[in-house]
Amino acid sequence: MKGVDKEFALAAPTYVDKEQQPNNWINLQLYYLFSNHGKKDIGEPPAVLDSDLVEFSRNQIERFLQSKGYLKVKVADSISIKKQKAELIFTATEGPLFHIRKIQDSIADPKVRALYRVNRKRFSHVQPGGRFDTDSLAYDRDAFYQIMKENGYYDFYRQYINYTYDSTFRSSVVDIVMYVVNPVGKSSHPVYRLNNTLITIATTDGQTSGKADTLQVDSEFRYVDYSHKFAPRTVIDYIFQHKGQLYDADRQTLTTSRLSELNVFRNVPNPTYTKLPDSTNRLNTKIDIVPLKQFSDRVDAEFLFNSGQYGYNLANTFTDRDVFKNAAILQLKVNWSVLYDKGGSISNSQGIENNDLTIGGNLIYPRIISPFDLAMPGKYGVPHTTFSSNYQLFYEAGLVQRTSLTNAITYDFAELANKTHTITPIDIEFSRGVIDPIAQNILAEKDLYAYSYLIGRTIFTAGSQYTYQFNANKLNTFTNFLYLRGSIDVGGNTLDLLAHLFNSPRDSTGERQLLGYTFAQYAKVETDFRVYHNFGGERELVFRINPGVGVPYGNSSQLKFKDSTYVGGLIFEKNFYAGGANDMRAWLPRTLGPGEFNRATFYGPPGTTLKPSRGDSLRTRLKYLDQFGEIKIISNLEYRYKLADDFFGSVLRGAVFMDAGNVWRLHAQEGVPNVQFSLNDILPGTAIDFGTGLRFDVGFFVFRLDAAFKFKDPQFTGSNQWVLIDHFDELFYNGPFKKTYEIDNSGDTYNFMQLNFGVGMPF
């Protein structure tokens, strides 16, 4: 494509007929491999040169450039053939760019004319002095059509709006006149108001026969429910058009959207309207709804395999979509995870590393439930009140059994379409840990009182949480935008006030207790900031930075034990961890950090297979529990692109990425250098990985496969951190470096590559 202004250089080639555009290499190979000579619809067949389509494409490009103000443009085509491959060359001679000299309107209906002139500055893309652009004229036409439909003009059509333009070729200017004609045989456009509304709810299979619950709610609403499942207010509360109001297409769409967002209806078409047979210009409204099945059950399963470790995760979710006949949703969830080590371990010869069982329930109301009379927000989304309760039992073989119970009330609502708020005013958490007696003795012998205190204590807290999201509604679009998610979690302040008010007793460490249990006091803040940049089509670059910090204070002030480890503060469940499929993808969850922490040196030298050392025992027993921090900084850079439109029924997309970050402790620990956060230790303590991945988009979810490679590993020192550079020859080979690591780390192997399977995008 030659001679085209750079502003349109990317758009102009899209006007070449699709059959004359170069094949996507991957789609073409899929066609050759799997289509059976075109008998199966897989991939895309090779593009064949067609002179008629070349001429059609030349004409389309010329018309496109004319629509952008180059009214004198001429486009020529040429074809170069070499080795049965053709190269198409389109050359544009654009000529002068035409600008708009003046804009006038000719509108017969004075009310419509006044409405246009009042709103024109707000919506119009066509201005004197600007470039002549027929796309801008089309935009203005649609924008004014929408304004008419929002102001009672039910019978108004786009065909009533037309443009004429007169171009003066020598001066390269255009004069535009916008016309709005009246309906045939009428002197003006009629304005309609709403009258009564009939709401009909069918059965789940769409039937409207048999006996129905029928109620004349008031002078406006008549309610007919063949499903016998919903109270009238469930629907009426989300109808935003009312008797006496002007017909408004925007309120019509708003009603349909909010009723659909209740997640209890399968089909909510736009309301239909019937004109009253008189001269009052009134409309009766009919809303027909088909509900979803009331009960559903979903089973999910995942499988993990990495270097001798494997496990599974089974989950079952039961859903009742209409509790108490008011569209409240009850969800009961059970999740069971088991991780095995097929080589066994010092603490568990049977090979079971841990069990994790979670049982919980959510009761979700589609409204704000409060003792205060609050206006119900709903213009930008359905608000929710969620009552939740979760019980978790975690068992780490040979180390600890932890139980926790969490109860919370949460509100979420949308301030604007791109601004949402989530508030948890009440969040009560209780956790208890019981350490294995043998593990307790080993921890005491090594003076590791901090770990014993952290995972073995019984503690509770009551707090509040708040989350703000900006532009979450754009996450599945291919545009340029910024995304922000910020959250704050504060706990223990009310309990601390009560403890001081009643002068409650203290435990052996000096922390106050209520009802016989120590309570935690802390503040935790986390931010997720992203920049999305689109390069055209479905190619985009995403940058994310995800920092967070948790600070204990008051009743959870830092405690110093004999090993100089600072704990007490942040309860175990509130700490940050790194690794996994969504942040540092070359590390397994809970296997990175804090800072330059090295498990091989911290716990002492290894023993032998026949005579394990105390260091071996500690490394094995504290696995997945000793790599945490109160501070987290994670950053990601990912380039995403489309590979194939049809890959066995899915859209195949690819990604290349780099991750950098870690977690750190708030304070230094004696004998564990460089685990605390400081400006000087950020770069040495930062891990780096890079990788590539595939995303299989089947429409209702995305299945993801990522391969990530460790590039810089902070557990080593100095230049030895650049592991992939120093030991590239051992990427897929078990050499001296890997063998030494396995001995020093009590049998754990070093893996440069980590495969991650997941559902949904990483961020």
# chains A, B, ... in the order shown; residues from 1 in each chain; ligands from 1
>>> residues_around(residues="region 399-410 of chain A", least_positions_apart="2", cutoff="9 Å", atoms="only C-alpha atoms", output="PyMOL selection string")
chain A and resi 347+384-397+412+422-440+455-456+465+621-622
>>> select_by_dssp(residues="region 386-464 of chain A", states="strand (DSSP E)", output="PDB file with N, CA, C and O atoms, in the first residue's frame")
ATOM      1  N   THR A 386     -24.039  -9.550  49.992  1.00  0.00           N
ATOM      2  CA  THR A 386     -23.624 -10.944  50.096  1.00  0.00           C
ATOM      3  C   THR A 386     -23.323 -11.298  51.542  1.00  0.00           C
ATOM      4  O   THR A 386     -22.488 -10.656  52.187  1.00  0.00           O
ATOM      5  N   PHE A 387     -24.014 -12.312  52.033  1.00  0.00           N
ATOM      6  CA  PHE A 387     -23.713 -12.891  53.345  1.00  0.00           C
ATOM      7  C   PHE A 387     -22.916 -14.165  53.086  1.00  0.00           C
ATOM      8  O   PHE A 387     -23.407 -15.075  52.403  1.00  0.00           O
ATOM      9  N   SER A 388     -21.712 -14.247  53.608  1.00  0.00           N
ATOM     10  CA  SER A 388     -20.847 -15.392  53.313  1.00  0.00           C
ATOM     11  C   SER A 388     -20.299 -16.003  54.594  1.00  0.00           C
ATOM     12  O   SER A 388     -20.061 -15.309  55.591  1.00  0.00           O
ATOM     13  N   SER A 389     -20.098 -17.319  54.530  1.00  0.00           N
ATOM     14  CA  SER A 389     -19.489 -18.051  55.637  1.00  0.00           C
ATOM     15  C   SER A 389     -18.658 -19.176  55.042  1.00  0.00           C
ATOM     16  O   SER A 389     -19.130 -19.911  54.166  1.00  0.00           O
ATOM     17  N   ASN A 390     -17.403 -19.310  55.492  1.00  0.00           N
ATOM     18  CA  ASN A 390     -16.498 -20.320  54.960  1.00  0.00           C
ATOM     19  C   ASN A 390     -15.709 -20.974  56.083  1.00  0.00           C
ATOM     20  O   ASN A 390     -15.205 -20.289  56.984  1.00  0.00           O
ATOM     21  N   TYR A 391     -15.606 -22.292  56.000  1.00  0.00           N
ATOM     22  CA  TYR A 391     -14.806 -23.076  56.941  1.00  0.00           C
ATOM     23  C   TYR A 391     -13.695 -23.761  56.156  1.00  0.00           C
ATOM     24  O   TYR A 391     -13.932 -24.373  55.105  1.00  0.00           O
ATOM     25  N   GLN A 392     -12.454 -23.663  56.659  1.00  0.00           N
ATOM     26  CA  GLN A 392     -11.310 -24.273  55.974  1.00  0.00           C
ATOM     27  C   GLN A 392     -10.531 -25.146  56.951  1.00  0.00           C
ATOM     28  O   GLN A 392     -10.253 -24.741  58.082  1.00  0.00           O
ATOM     29  N   LEU A 393     -10.184 -26.344  56.478  1.00  0.00           N
ATOM     30  CA  LEU A 393      -9.324 -27.259  57.227  1.00  0.00           C
ATOM     31  C   LEU A 393      -8.110 -27.545  56.363  1.00  0.00           C
ATOM     32  O   LEU A 393      -8.216 -28.119  55.285  1.00  0.00           O
ATOM     33  N   PHE A 394      -6.931 -27.124  56.850  1.00  0.00           N
ATOM     34  CA  PHE A 394      -5.681 -27.330  56.118  1.00  0.00           C
ATOM     35  C   PHE A 394      -4.778 -28.238  56.939  1.00  0.00           C
ATOM     36  O   PHE A 394      -4.554 -27.996  58.125  1.00  0.00           O
ATOM     37  N   TYR A 395      -4.263 -29.286  56.294  1.00  0.00           N
ATOM     38  CA  TYR A 395      -3.410 -30.246  56.993  1.00  0.00           C
ATOM     39  C   TYR A 395      -2.108 -30.400  56.221  1.00  0.00           C
ATOM     40  O   TYR A 395      -2.102 -30.831  55.069  1.00  0.00           O
ATOM     41  N   GLU A 396      -1.006 -30.004  56.837  1.00  0.00           N
ATOM     42  CA  GLU A 396       0.329 -30.186  56.263  1.00  0.00           C
ATOM     43  C   GLU A 396       0.975 -31.359  56.992  1.00  0.00           C
ATOM     44  O   GLU A 396       1.196 -31.316  58.205  1.00  0.00           O
ATOM     45  N   VAL A 400       1.468 -29.234  60.676  1.00  0.00           N
ATOM     46  CA  VAL A 400       0.420 -28.447  61.318  1.00  0.00           C
ATOM     47  C   VAL A 400      -0.952 -28.806  60.758  1.00  0.00           C
ATOM     48  O   VAL A 400      -1.079 -29.242  59.598  1.00  0.00           O
ATOM     49  N   GLN A 401      -1.943 -28.619  61.595  1.00  0.00           N
ATOM     50  CA  GLN A 401      -3.336 -28.655  61.155  1.00  0.00           C
ATOM     51  C   GLN A 401      -3.959 -27.321  61.521  1.00  0.00           C
ATOM     52  O   GLN A 401      -3.982 -26.932  62.683  1.00  0.00           O
ATOM     53  N   ARG A 402      -4.463 -26.603  60.504  1.00  0.00           N
ATOM     54  CA  ARG A 402      -5.037 -25.279  60.735  1.00  0.00           C
ATOM     55  C   ARG A 402      -6.503 -25.286  60.332  1.00  0.00           C
ATOM     56  O   ARG A 402      -6.869 -25.793  59.269  1.00  0.00           O
ATOM     57  N   THR A 403      -7.317 -24.731  61.189  1.00  0.00           N
ATOM     58  CA  THR A 403      -8.732 -24.545  60.876  1.00  0.00           C
ATOM     59  C   THR A 403      -9.044 -23.060  60.942  1.00  0.00           C
ATOM     60  O   THR A 403      -8.488 -22.325  61.770  1.00  0.00           O
ATOM     61  N   SER A 404      -9.930 -22.622  60.077  1.00  0.00           N
ATOM     62  CA  SER A 404     -10.311 -21.206  60.079  1.00  0.00           C
ATOM     63  C   SER A 404     -11.777 -21.082  59.720  1.00  0.00           C
ATOM     64  O   SER A 404     -12.322 -21.886  58.946  1.00  0.00           O
ATOM     65  N   LEU A 405     -12.409 -20.079  60.266  1.00  0.00           N
ATOM     66  CA  LEU A 405     -13.817 -19.789  60.011  1.00  0.00           C
ATOM     67  C   LEU A 405     -13.935 -18.298  59.722  1.00  0.00           C
ATOM     68  O   LEU A 405     -13.468 -17.464  60.505  1.00  0.00           O
ATOM     69  N   THR A 406     -14.563 -17.981  58.593  1.00  0.00           N
ATOM     70  CA  THR A 406     -14.706 -16.592  58.168  1.00  0.00           C
ATOM     71  C   THR A 406     -16.169 -16.291  57.894  1.00  0.00           C
ATOM     72  O   THR A 406     -16.847 -17.055  57.187  1.00  0.00           O
ATOM     73  N   ASN A 407     -16.656 -15.190  58.440  1.00  0.00           N
ATOM     74  CA  ASN A 407     -18.026 -14.738  58.203  1.00  0.00           C
ATOM     75  C   ASN A 407     -17.982 -13.261  57.820  1.00  0.00           C
ATOM     76  O   ASN A 407     -17.271 -12.471  58.460  1.00  0.00           O
ATOM     77  N   ALA A 408     -18.750 -12.900  56.784  1.00  0.00           N
ATOM     78  CA  ALA A 408     -18.661 -11.521  56.297  1.00  0.00           C
ATOM     79  C   ALA A 408     -19.976 -11.084  55.662  1.00  0.00           C
ATOM     80  O   ALA A 408     -20.779 -11.904  55.202  1.00  0.00           O
ATOM     81  N   ILE A 409     -20.176  -9.785  55.653  1.00  0.00           N
ATOM     82  CA  ILE A 409     -21.261  -9.136  54.912  1.00  0.00           C
ATOM     83  C   ILE A 409     -20.610  -8.164  53.938  1.00  0.00           C
ATOM     84  O   ILE A 409     -19.793  -7.320  54.340  1.00  0.00           O
ATOM     85  N   THR A 410     -20.962  -8.266  52.653  1.00  0.00           N
ATOM     86  CA  THR A 410     -20.305  -7.464  51.621  1.00  0.00           C
ATOM     87  C   THR A 410     -21.343  -6.787  50.737  1.00  0.00           C
ATOM     88  O   THR A 410     -22.341  -7.406  50.344  1.00  0.00           O
ATOM     89  N   TYR A 411     -21.086  -5.518  50.416  1.00  0.00           N
ATOM     90  CA  TYR A 411     -21.915  -4.762  49.476  1.00  0.00           C
ATOM     91  C   TYR A 411     -21.074  -4.423  48.242  1.00  0.00           C
ATOM     92  O   TYR A 411     -19.915  -4.026  48.378  1.00  0.00           O
ATOM     93  N   ASP A 412     -21.672  -4.566  47.059  1.00  0.00           N
ATOM     94  CA  ASP A 412     -20.998  -4.075  45.856  1.00  0.00           C
ATOM     95  C   ASP A 412     -22.001  -3.329  44.982  1.00  0.00           C
ATOM     96  O   ASP A 412     -23.159  -3.728  44.867  1.00  0.00           O
ATOM     97  N   PHE A 413     -21.536  -2.232  44.398  1.00  0.00           N
ATOM     98  CA  PHE A 413     -22.401  -1.420  43.540  1.00  0.00           C
ATOM     99  C   PHE A 413     -21.536  -0.614  42.585  1.00  0.00           C
ATOM    100  O   PHE A 413     -20.327  -0.443  42.793  1.00  0.00           O
ATOM    101  N   ALA A 414     -22.160  -0.128  41.522  1.00  0.00           N
ATOM    102  CA  ALA A 414     -21.461   0.647  40.496  1.00  0.00           C
ATOM    103  C   ALA A 414     -21.822   2.120  40.632  1.00  0.00           C
ATOM    104  O   ALA A 414     -23.005   2.483  40.623  1.00  0.00           O
ATOM    105  N   GLU A 415     -20.801   2.950  40.763  1.00  0.00           N
ATOM    106  CA  GLU A 415     -21.015   4.403  40.776  1.00  0.00           C
ATOM    107  C   GLU A 415     -21.269   4.896  39.356  1.00  0.00           C
ATOM    108  O   GLU A 415     -22.161   5.701  39.109  1.00  0.00           O
ATOM    109  N   LEU A 416     -20.445   4.450  38.427  1.00  0.00           N
ATOM    110  CA  LEU A 416     -20.600   4.682  36.993  1.00  0.00           C
ATOM    111  C   LEU A 416     -20.332   3.355  36.293  1.00  0.00           C
ATOM    112  O   LEU A 416     -19.954   2.365  36.934  1.00  0.00           O
ATOM    113  N   LYS A 419     -16.792   2.547  37.180  1.00  0.00           N
ATOM    114  CA  LYS A 419     -16.343   2.722  38.558  1.00  0.00           C
ATOM    115  C   LYS A 419     -17.212   1.872  39.477  1.00  0.00           C
ATOM    116  O   LYS A 419     -18.422   2.097  39.586  1.00  0.00           O
ATOM    117  N   THR A 420     -16.606   0.881  40.134  1.00  0.00           N
ATOM    118  CA  THR A 420     -17.348   0.008  41.029  1.00  0.00           C
ATOM    119  C   THR A 420     -16.727   0.013  42.416  1.00  0.00           C
ATOM    120  O   THR A 420     -15.517   0.199  42.572  1.00  0.00           O
ATOM    121  N   HIS A 421     -17.556  -0.198  43.409  1.00  0.00           N
ATOM    122  CA  HIS A 421     -17.131  -0.198  44.808  1.00  0.00           C
ATOM    123  C   HIS A 421     -17.580  -1.498  45.477  1.00  0.00           C
ATOM    124  O   HIS A 421     -18.692  -1.973  45.246  1.00  0.00           O
ATOM    125  N   THR A 422     -16.717  -2.054  46.303  1.00  0.00           N
ATOM    126  CA  THR A 422     -17.046  -3.224  47.113  1.00  0.00           C
ATOM    127  C   THR A 422     -16.686  -2.911  48.561  1.00  0.00           C
ATOM    128  O   THR A 422     -15.535  -2.592  48.861  1.00  0.00           O
ATOM    129  N   ILE A 423     -17.678  -2.995  49.439  1.00  0.00           N
ATOM    130  CA  ILE A 423     -17.487  -2.638  50.845  1.00  0.00           C
ATOM    131  C   ILE A 423     -17.872  -3.832  51.715  1.00  0.00           C
ATOM    132  O   ILE A 423     -18.973  -4.368  51.579  1.00  0.00           O
ATOM    133  N   THR A 424     -16.963  -4.242  52.576  1.00  0.00           N
ATOM    134  CA  THR A 424     -17.236  -5.289  53.561  1.00  0.00           C
ATOM    135  C   THR A 424     -17.154  -4.657  54.945  1.00  0.00           C
ATOM    136  O   THR A 424     -16.072  -4.546  55.523  1.00  0.00           O
ATOM    137  N   PRO A 425     -18.265  -4.199  55.495  1.00  0.00           N
ATOM    138  CA  PRO A 425     -18.204  -3.524  56.798  1.00  0.00           C
ATOM    139  C   PRO A 425     -17.923  -4.484  57.949  1.00  0.00           C
ATOM    140  O   PRO A 425     -17.385  -4.076  58.978  1.00  0.00           O
ATOM    141  N   ILE A 426     -18.306  -5.761  57.777  1.00  0.00           N
ATOM    142  CA  ILE A 426     -18.118  -6.748  58.839  1.00  0.00           C
ATOM    143  C   ILE A 426     -17.429  -7.975  58.267  1.00  0.00           C
ATOM    144  O   ILE A 426     -17.934  -8.615  57.346  1.00  0.00           O
ATOM    145  N   ASP A 427     -16.263  -8.294  58.806  1.00  0.00           N
ATOM    146  CA  ASP A 427     -15.511  -9.483  58.395  1.00  0.00           C
ATOM    147  C   ASP A 427     -14.874 -10.075  59.651  1.00  0.00           C
ATOM    148  O   ASP A 427     -13.928  -9.518  60.200  1.00  0.00           O
ATOM    149  N   ILE A 428     -15.427 -11.177  60.125  1.00  0.00           N
ATOM    150  CA  ILE A 428     -14.944 -11.820  61.352  1.00  0.00           C
ATOM    151  C   ILE A 428     -14.217 -13.100  60.969  1.00  0.00           C
ATOM    152  O   ILE A 428     -14.785 -13.976  60.313  1.00  0.00           O
ATOM    153  N   GLU A 429     -12.954 -13.222  61.382  1.00  0.00           N
ATOM    154  CA  GLU A 429     -12.137 -14.375  61.033  1.00  0.00           C
ATOM    155  C   GLU A 429     -11.555 -15.001  62.302  1.00  0.00           C
ATOM    156  O   GLU A 429     -11.015 -14.291  63.157  1.00  0.00           O
ATOM    157  N   PHE A 430     -11.676 -16.314  62.377  1.00  0.00           N
ATOM    158  CA  PHE A 430     -11.133 -17.073  63.507  1.00  0.00           C
ATOM    159  C   PHE A 430     -10.254 -18.183  62.944  1.00  0.00           C
ATOM    160  O   PHE A 430     -10.662 -18.919  62.048  1.00  0.00           O
ATOM    161  N   SER A 431      -9.026 -18.317  63.451  1.00  0.00           N
ATOM    162  CA  SER A 431      -8.125 -19.369  62.961  1.00  0.00           C
ATOM    163  C   SER A 431      -7.386 -20.004  64.138  1.00  0.00           C
ATOM    164  O   SER A 431      -7.058 -19.341  65.126  1.00  0.00           O
ATOM    165  N   ARG A 432      -7.133 -21.312  63.974  1.00  0.00           N
ATOM    166  CA  ARG A 432      -6.455 -22.060  65.028  1.00  0.00           C
ATOM    167  C   ARG A 432      -5.483 -23.048  64.401  1.00  0.00           C
ATOM    168  O   ARG A 432      -5.807 -23.727  63.431  1.00  0.00           O
ATOM    169  N   GLY A 433      -4.273 -23.118  64.934  1.00  0.00           N
ATOM    170  CA  GLY A 433      -3.271 -24.040  64.437  1.00  0.00           C
ATOM    171  C   GLY A 433      -2.795 -24.983  65.525  1.00  0.00           C
ATOM    172  O   GLY A 433      -2.582 -24.572  66.669  1.00  0.00           O
ATOM    173  N   VAL A 434      -2.647 -26.261  65.155  1.00  0.00           N
ATOM    174  CA  VAL A 434      -2.127 -27.276  66.074  1.00  0.00           C
ATOM    175  C   VAL A 434      -0.902 -27.893  65.420  1.00  0.00           C
ATOM    176  O   VAL A 434      -1.007 -28.546  64.374  1.00  0.00           O
ATOM    177  N   ILE A 435       0.280 -27.682  66.017  1.00  0.00           N
ATOM    178  CA  ILE A 435       1.527 -28.155  65.432  1.00  0.00           C
ATOM    179  C   ILE A 435       1.801 -29.588  65.866  1.00  0.00           C
ATOM    180  O   ILE A 435       1.561 -29.970  67.022  1.00  0.00           O
ATOM    181  N   THR A 458      -3.740 -19.609  68.118  1.00  0.00           N
ATOM    182  CA  THR A 458      -5.169 -19.392  67.917  1.00  0.00           C
ATOM    183  C   THR A 458      -5.434 -17.897  68.014  1.00  0.00           C
ATOM    184  O   THR A 458      -5.030 -17.251  68.984  1.00  0.00           O
ATOM    185  N   ILE A 459      -6.113 -17.357  66.997  1.00  0.00           N
ATOM    186  CA  ILE A 459      -6.284 -15.903  66.945  1.00  0.00           C
ATOM    187  C   ILE A 459      -7.549 -15.574  66.166  1.00  0.00           C
ATOM    188  O   ILE A 459      -8.015 -16.371  65.343  1.00  0.00           O
ATOM    189  N   PHE A 460      -8.129 -14.419  66.435  1.00  0.00           N
ATOM    190  CA  PHE A 460      -9.279 -13.983  65.651  1.00  0.00           C
ATOM    191  C   PHE A 460      -9.199 -12.479  65.454  1.00  0.00           C
ATOM    192  O   PHE A 460      -8.433 -11.766  66.119  1.00  0.00           O
ATOM    193  N   THR A 461      -9.981 -12.005  64.514  1.00  0.00           N
ATOM    194  CA  THR A 461     -10.014 -10.573  64.258  1.00  0.00           C
ATOM    195  C   THR A 461     -11.360 -10.212  63.658  1.00  0.00           C
ATOM    196  O   THR A 461     -12.062 -11.065  63.094  1.00  0.00           O
ATOM    197  N   ALA A 462     -11.732  -8.963  63.793  1.00  0.00           N
ATOM    198  CA  ALA A 462     -12.935  -8.423  63.162  1.00  0.00           C
ATOM    199  C   ALA A 462     -12.536  -7.131  62.470  1.00  0.00           C
ATOM    200  O   ALA A 462     -11.955  -6.246  63.094  1.00  0.00           O
ATOM    201  N   GLY A 463     -12.816  -7.049  61.187  1.00  0.00           N
ATOM    202  CA  GLY A 463     -12.360  -5.883  60.449  1.00  0.00           C
ATOM    203  C   GLY A 463     -13.313  -5.484  59.343  1.00  0.00           C
ATOM    204  O   GLY A 463     -14.443  -5.971  59.238  1.00  0.00           O
ATOM    205  N   SER A 464     -12.812  -4.586  58.497  1.00  0.00           N
ATOM    206  CA  SER A 464     -13.579  -4.066  57.360  1.00  0.00           C
ATOM    207  C   SER A 464     -12.665  -3.998  56.141  1.00  0.00           C
ATOM    208  O   SER A 464     -11.448  -3.836  56.274  1.00  0.00           O
TER     209      SER A 464
END
>>> closest_residue(among="A:Asp626, A:Gln241, A:Arg544, A:Thr601", to="Phe657 (chain A)", atoms="only C-alpha atoms")
A:Arg544
>>> residues_around(residues="region 332-336 of chain A", least_positions_apart="4", cutoff="6 Å", atoms="only C-alpha atoms", output="NGL selection string")
:A and (313-318 or 356-361)
>>> residues_around(residues="Asn582 (chain A)", least_positions_apart="4", cutoff="9 Å", atoms="only C-alpha atoms", output="PyMOL selection string")
chain A and resi 761-763
>>> write_last_selection(atoms="C-alpha atoms", output="CSV table (one decimal), in the first residue's frame")
chain,number,residue,atom,x,y,z
A,761,MET,CA,-6.5,-14.6,31.6
A,762,PRO,CA,-3.6,-14.2,34.1
A,763,PHE,CA,-4.7,-10.5,34.5
>>> residues_around(residues="region 278-284 of chain A", least_positions_apart="6", cutoff="10 Å", atoms="only C-alpha atoms", output="list in words")
Gly152, Tyr154, Pro190, Val191, Tyr192, Arg193, Leu194, Asn195, Asn196, Thr197, Leu198, Glu220, Lys243, Gly244, Gln245, Leu246, Tyr247, Pro271 and Thr272 of chain A
>>> closest_residue(among="A:Tyr145, A:Phe265, A:Trp664, A:Tyr639", to="Phe597 (chain A)", atoms="only C-alpha atoms")
A:Trp664
>>> closest_residue(among="A:Phe690, A:Tyr160, A:Phe696, A:Tyr553", to="Leu652 (chain A)", atoms="only C-alpha atoms")
A:Phe696
>>> closest_residue(among="A:Ala76, A:Val268, A:Met178, A:Ala444", to="Asn59 (chain A)", atoms="only C-alpha atoms")
A:Ala76
>>> residues_around(residues="region 515-518 of chain A", least_positions_apart="2", cutoff="9 Å", atoms="only C-alpha atoms", output="ChimeraX atom specification")
/A:457-461,504-507,511-513,520,555
>>> write_last_selection(atoms="N, CA, C and O atoms", output="compact mmCIF listing (two decimals), in the first residue's frame")
# COMPACT_ATOMS: atom_id res chain seq x y z
N ARG A 457 -0.63 -20.67 66.56
CA ARG A 457 -1.44 -19.96 67.53
C ARG A 457 -2.91 -19.92 67.15
O ARG A 457 -3.30 -20.15 65.99
N THR A 458 -3.74 -19.61 68.12
CA THR A 458 -5.17 -19.39 67.92
C THR A 458 -5.43 -17.90 68.01
O THR A 458 -5.03 -17.25 68.98
N ILE A 459 -6.11 -17.36 67.00
CA ILE A 459 -6.28 -15.90 66.95
C ILE A 459 -7.55 -15.57 66.17
O ILE A 459 -8.02 -16.37 65.34
N PHE A 460 -8.13 -14.42 66.43
CA PHE A 460 -9.28 -13.98 65.65
C PHE A 460 -9.20 -12.48 65.45
O PHE A 460 -8.43 -11.77 66.12
N THR A 461 -9.98 -12.01 64.51
CA THR A 461 -10.01 -10.57 64.26
C THR A 461 -11.36 -10.21 63.66
O THR A 461 -12.06 -11.06 63.09
N SER A 504 -9.32 -5.81 79.30
CA SER A 504 -9.27 -7.27 79.15
C SER A 504 -7.88 -7.79 79.49
O SER A 504 -6.88 -7.06 79.41
N PRO A 505 -7.76 -9.07 79.86
CA PRO A 505 -6.46 -9.64 80.23
C PRO A 505 -5.55 -9.80 79.02
O PRO A 505 -5.97 -9.72 77.86
N ARG A 506 -4.25 -10.07 79.30
CA ARG A 506 -3.26 -10.26 78.25
C ARG A 506 -2.77 -11.71 78.26
O ARG A 506 -2.81 -12.39 79.29
N ASP A 507 -2.26 -12.18 77.09
CA ASP A 507 -1.69 -13.53 77.03
C ASP A 507 -0.22 -13.48 77.45
O ASP A 507 0.29 -12.44 77.90
N GLU A 511 -0.10 -9.64 74.54
CA GLU A 511 -1.19 -9.19 73.68
C GLU A 511 -2.53 -9.37 74.39
O GLU A 511 -2.76 -10.37 75.08
N ARG A 512 -3.42 -8.42 74.21
CA ARG A 512 -4.72 -8.46 74.89
C ARG A 512 -5.62 -9.55 74.28
O ARG A 512 -5.49 -9.90 73.11
N GLN A 513 -6.55 -10.04 75.11
CA GLN A 513 -7.48 -11.07 74.69
C GLN A 513 -8.92 -10.63 74.93
O GLN A 513 -9.20 -9.84 75.82
N ALA A 520 -6.14 -10.06 66.47
CA ALA A 520 -5.14 -9.41 65.61
C ALA A 520 -5.59 -8.00 65.24
O ALA A 520 -6.77 -7.71 65.12
N ASN A 555 -2.39 -4.19 69.04
CA ASN A 555 -2.35 -5.47 69.74
C ASN A 555 -1.51 -6.52 69.02
O ASN A 555 -1.22 -7.58 69.58
>>> residues_around(residues="region 714-717 of chain A", least_positions_apart="4", cutoff="10 Å", atoms="only C-alpha atoms", output="ChimeraX atom specification")
/A:592-601,661-662,674-675,683-688,721-723
>>> atom_distance(atom1="CA of Thr479 (chain A)", atom2="CA of Arg530 (chain A)")
12.9 Å
>>> select_by_dssp(residues="region 15-93 of chain A", states="alpha helix (DSSP H)", output="PyMOL selection string")
chain A and resi 25-34+51-67
